[in-house]
Amino acid sequence: MDQPKIERVLRLMMLLTANNRYTIEELSEKLETSPRTIYRYIDTFKDAGFYVTKTGPYFRLDKKSKYFKDISQLIHFTEEEAYILNSAIESIDPTNAIKQNLKAKLASVYDYKMLAECVVKGQNARNVNSIIEAIEEKKQIILKDYTSAHSRNVTDRLVEPLSFTTNYIQVWAYEISSGKNKLFKLSRIGSVEVLENGWEFENEHKEGLMDIFRINSFEQIPIKLKLGLRAASLLVEEYPLGEKYLTPYPDDPYHFILDINICGYEGVGRFVIGLLDDIEIIEGEGLKEFLKERVKLADLK
């Protein structure tokens, strides 16, 4: 396989494990190749031992596939962090040897446990290593003395852990009592007990999505906003991935369109409320209702 094909296959692998979902047509457009070729690459993944899932028109590479690990998770960069870092590296003179060394190091795959020890310390490190062990061996665990963010109740939670968010802040896990996939914050866990019981609900395991405003959910909501220069600049500063979804407003150099799918109204709502005079909601009735309720609550206080 020649270099352009290898690069295309690797890019396809990243797209099929990203937070966003893509159809075959969207994948072929992004990779500038035919849908037939995309199907052929997907067959190649299957032949190599990867699990490929299909939900409606969307294809995904299952992260539980044998030999497979999400590189972005292993080196602990979110898509947003990787975008910033890549932009910084690319700004270095192309003849600079340091630039090539940095790119080579970023491409390396590091040991999961070694990174955990570098990122977290103390009790959290012990809990993380226990959860890593459970994920690798597909074991159930008990999150002992877990403090709920809403009720502040302290209880034990029986779960099947799936994966960590960046820098081991939270862990995705299937909670057996509720039958739901949830995020559990590591700082709220007292201790972790790894059980002998293997996973019983693997078919129910599902990691959520994350939007540019860092909100998680399992569904996405389309919105379209018109942003002024100030709002567009602040968006890129605070949420760098937003730059990918900004397009110039037709025949108007002072405004931009943000056309994007979000996971909830809380993140984008906070952003819009701070810039009400510089943002217009073009599409998103749910967002309008959310903002009206927030403004009412503010008036009552």
# chains A, B, ... in the order shown; residues from 1 in each chain; ligands from 1

$ residues_around --residues "A:Lys144" --least-positions-apart "5" --cutoff "6 Å" --atoms "only C-alpha atoms" --output "MDAnalysis selection string"
chainID A and resid 156 190:192

$ write_last_selection --atoms "N, CA and C atoms" --output "tab-separated table (two decimals), in the first residue's frame"
chain	number	residue	atom	x	y	z
A	156	ASP	N	-22.41	2.98	47.24
A	156	ASP	CA	-21.57	2.12	46.42
A	156	ASP	C	-22.26	1.90	45.08
A	190	GLY	N	-14.46	6.92	46.51
A	190	GLY	CA	-13.67	6.64	47.69
A	190	GLY	C	-12.59	5.61	47.39
A	191	SER	N	-13.00	4.45	46.90
A	191	SER	CA	-12.06	3.40	46.51
A	191	SER	C	-12.73	2.51	45.47
A	192	VAL	N	-11.94	1.64	44.86
A	192	VAL	CA	-12.45	0.77	43.79
A	192	VAL	C	-12.18	-0.69	44.16

$ select_by_dssp --residues "stretch 169-241 of chain A" --states "strand (DSSP E or B)" --output "MDAnalysis selection string"
chainID A and resid 170:175 180:185 191:198 209:210 216:217 221:228

$ write_last_selection --atoms "C-alpha atoms" --output "PDB file, in the first residue's frame"
ATOM      1  CA  GLN A 170     -13.970  10.866  34.641  1.00  0.00           C
ATOM      2  CA  VAL A 171     -14.711   7.299  33.614  1.00  0.00           C
ATOM      3  CA  TRP A 172     -17.470   6.051  31.325  1.00  0.00           C
ATOM      4  CA  ALA A 173     -19.203   3.058  32.882  1.00  0.00           C
ATOM      5  CA  TYR A 174     -22.390   1.054  32.547  1.00  0.00           C
ATOM      6  CA  GLU A 175     -24.291   1.231  35.856  1.00  0.00           C
ATOM      7  CA  LYS A 180     -27.525   3.322  31.888  1.00  0.00           C
ATOM      8  CA  ASN A 181     -24.086   4.388  30.655  1.00  0.00           C
ATOM      9  CA  LYS A 182     -22.856   7.246  32.826  1.00  0.00           C
ATOM     10  CA  LEU A 183     -19.821   9.417  33.545  1.00  0.00           C
ATOM     11  CA  PHE A 184     -18.362   8.987  37.032  1.00  0.00           C
ATOM     12  CA  LYS A 185     -15.921  11.585  38.347  1.00  0.00           C
ATOM     13  CA  SER A 191     -12.064   3.396  46.513  1.00  0.00           C
ATOM     14  CA  VAL A 192     -12.451   0.765  43.795  1.00  0.00           C
ATOM     15  CA  GLU A 193     -13.052  -2.955  44.277  1.00  0.00           C
ATOM     16  CA  VAL A 194     -12.426  -5.146  41.237  1.00  0.00           C
ATOM     17  CA  LEU A 195     -14.762  -8.157  41.260  1.00  0.00           C
ATOM     18  CA  GLU A 196     -14.256 -11.622  39.838  1.00  0.00           C
ATOM     19  CA  ASN A 197     -17.463 -11.184  37.847  1.00  0.00           C
ATOM     20  CA  GLY A 198     -16.929 -10.563  34.151  1.00  0.00           C
ATOM     21  CA  LEU A 209     -20.485  12.229  22.576  1.00  0.00           C
ATOM     22  CA  MET A 210     -18.874  15.556  23.474  1.00  0.00           C
ATOM     23  CA  ASN A 216     -21.590  15.198  27.034  1.00  0.00           C
ATOM     24  CA  SER A 217     -24.690  13.345  25.858  1.00  0.00           C
ATOM     25  CA  ILE A 221     -29.019  18.824  18.536  1.00  0.00           C
ATOM     26  CA  PRO A 222     -28.419  20.989  15.441  1.00  0.00           C
ATOM     27  CA  ILE A 223     -28.181  24.767  15.916  1.00  0.00           C
ATOM     28  CA  LYS A 224     -27.127  27.671  13.709  1.00  0.00           C
ATOM     29  CA  LEU A 225     -25.908  30.999  15.093  1.00  0.00           C
ATOM     30  CA  LYS A 226     -24.872  34.303  13.535  1.00  0.00           C
ATOM     31  CA  LEU A 227     -21.820  35.664  15.357  1.00  0.00           C
ATOM     32  CA  GLY A 228     -20.242  39.081  15.262  1.00  0.00           C
TER      33      GLY A 228
END

$ residues_around --residues "A:Ile189" --least-positions-apart "5" --cutoff "10 Å" --atoms "only C-alpha atoms" --output "list of chain:residue names"
A:Gln123, A:Asn124, A:Asn127, A:Ile142, A:Leu143, A:Lys144, A:Asp145, A:Tyr146, A:Thr147, A:Ser148, A:Val154, A:Thr155, A:Asp156, A:Arg157, A:Phe184

$ atom_distance --atom1 "atom CA of A:Val52" --atom2 "atom CA of A:Tyr39"
11.3 Å
